[in-house]
Amino acid sequence: MATLRRLYAYLAVIVTLEIWLWDVAGLLHKALRGRLYTTPEDLALPLAGLLIAMPVFALHWRWVQKDAAAEEEERTSGVRALALYVLLALTWGVVLHAGMALLARGLEAAFALPSERLFPQFSWEWAVAMGIPHALVGWYFFTVVRKEETPPIPENYALGRLWYRLLWLSYSLLWVLLGVQKLLSVIFPAENADFAFAPHTPLETASQGAVLLAGGLLIWGLWGRRWWRWMFQDAETRQSPVVVGFLVLWALSGLATALTVVGIVLNGFLLYLLGENESLYMLVRRLVTLGLPWMGLWAVAQWGLARFLSVWESSRKATVHRLVLSLLAFVGLLVLSTGVGALLSYILDSLWPGTIASNQALSAGITGLLLGGALWAFPWRALQQEAQADIRARASLTRRVYLYAILFLALLATLGFAIGSVFQVLVMLLGGDFHGVTFFYMLLMTLWSGGVLAYHAWVLRADRQAERALEQKQVKVPMLALALPQSAWLEALRSQGLQLPLTVYAPSEPPPGENAPNFAVVLLSEDELLALSPAWQAWLASFEGDRLVVPGSQPGRWFWVQAEQKASRRAKEALEALAQDKQPRLGRTSALWTALAYVGIFSLVSWVLSLLLPLFFAVFMAAMD
């Protein structure tokens, strides 16, 4: 219930704060334009929002601040940390955009450019009206967060601060990339100045690039450079998978975009060789203005990732490396399959009477084969070599997810193409028109997707056989069981049918001597663990193999307390539950909180994609003109 209460309170704080901030901005905007009072309705609406939202915000904010001051758990809760960093992002983000809008208005005035073309619908009045109240409120919450971050920083605040900084760095990189693209498009102008996406003069385009580049460099200069240095110097942050995740995302984004541009340019070059009306200059322009900036992002992110992972254990580095290669191989196989489909379509159209083959299909097929084949073959070869050398890589979750994902997609494709081919045959048998090109295309694509399915099923089968062989080999390692001969857990273990090489010692016997086998595993129950003699304690302390503890004669009496910072509270909850003859529930995330977390993550990702994808598509369309 505490989590629900916090969610309600902080959501109320965020919503009411945003209402009255934008109402204040609206009133300031009207005042700066000299239209504070035009009609009663225009003035009444923002005043009504202020009169209602302001006291509601003050009430809830006073409530959460009072709870945070009274209880350590409230002050260090994850909901509070998330809410504070969201408030910082909402306020400072508006301030940044307002500042860049003012810079754009200044460039328009200095170079006599058309008004409000660089930042559309962001007049200087709006920029000032939004920037001032958001800056004041942002500074207040900055002081609140800074106070909460005083060492020792609570775990939730450390994680929230890390996400907050990495998201700002990602935003900075995006602005820099778009700014560089704009400036490069001025150096390499389009052949047709009247393209539809951005009908601006070179000076306007250069001004846009300067504003975007200035915004990105401003974030980097004021905070990003210091944050970046801190991430590489802080020992705990160097082990954070969050930073590695962002670096991998940046690297894959840069590589994927650059390879997409290379594919577009390669396809255009093949069309040029086939006699189509393609401009070599425009192909080079796309490669420079789009490909180079994103390839630069990939190189910088790859350098940062290699430097960051240099202090990681080899197994953790291998996991990250395996994940990246699997993603590349997955995308490469999809591109390769698309190329195979396009090439088969061209061949059938060329051979079948009465059809005309398309050069676009030929160029798309060759591009897919070359680009997709390389993107799949090289990562997959590295993954196979790793799996042959290390059984842990072969049994890894990443490899399993990759194989089963390909199996599922290949199965769906095989079913779809097989149904399509049978459909054409049935139509012919029932007296309908037989479309030969469609039938043979469906049949050949069925064979292709079926081959992909069969190959990956064979790989998965080989992995399973290797794991079974390893399991049989591991069972032969000598094991020591510290238990009475009639122990229930020992009898249960033997009843599984495994031929375990167990040597049983009773707790009353002395530990093994120098002539004993070199045991790799020690098995004992909770009961033996609690009743160990000093001699056995000393022997186990010096034992270098694995120690496995099984449940004792009273299952359910041991409850492990997780999360050190909440250990005292959870221990208290466990004692209270036991006193009331209830089963303690420790270390479990509530189903409601888990659902809310997934919904929140999905909503955040969807919102980010809804902002970025149209922007990427727009940039690509601009580069292609």
# chains A, B, ... in the order shown; residues from 1 in each chain; ligands from 1
call {"tool": "closest_atom_pairs", "arguments": {"of": "region 192-297 of chain A", "to": "region 320-332 of chain A", "cutoff": "9 Å", "atoms": "only C-alpha atoms", "output": "Markdown table"}}
result
| residue | atom | partner | partner_atom | distance |
| --- | --- | --- | --- | --- |
| A:Val244 | CA | A:Val320 | CA | 8.3 |
| A:Gly245 | CA | A:Val320 | CA | 8.9 |
| A:Val248 | CA | A:Val324 | CA | 7.5 |
| A:Leu252 | CA | A:Val324 | CA | 8.0 |
| A:Ala256 | CA | A:Leu328 | CA | 8.9 |
call {"tool": "closest_residue", "arguments": {"among": "A:Thr414, A:Thr3, A:Thr446, A:Ser253", "to": "Ala299 (chain A)", "atoms": "only C-alpha atoms"}}
result
A:Ser253
call {"tool": "closest_residue", "arguments": {"among": "A:Phe423, A:Ala110, A:Leu333, A:Met231", "to": "Pro379 (chain A)", "atoms": "only C-alpha atoms"}}
result
A:Leu333
call {"tool": "closest_residue", "arguments": {"among": "A:Leu88, A:Trp126, A:Gly432, A:Val95", "to": "Arg146 (chain A)", "atoms": "only C-alpha atoms"}}
result
A:Leu88
call {"tool": "closest_residue", "arguments": {"among": "A:Leu47, A:Leu490, A:Leu532, A:Leu480", "to": "Val504 (chain A)", "atoms": "only C-alpha atoms"}}
result
A:Leu480
call {"tool": "closest_residue", "arguments": {"among": "A:Leu348, A:Leu397, A:Ala506, A:Ala410", "to": "Leu444 (chain A)", "atoms": "only C-alpha atoms"}}
result
A:Leu348
call {"tool": "closest_residue", "arguments": {"among": "A:Leu266, A:Leu169, A:Ala53, A:Gly450", "to": "Gly221 (chain A)", "atoms": "only C-alpha atoms"}}
result
A:Leu169
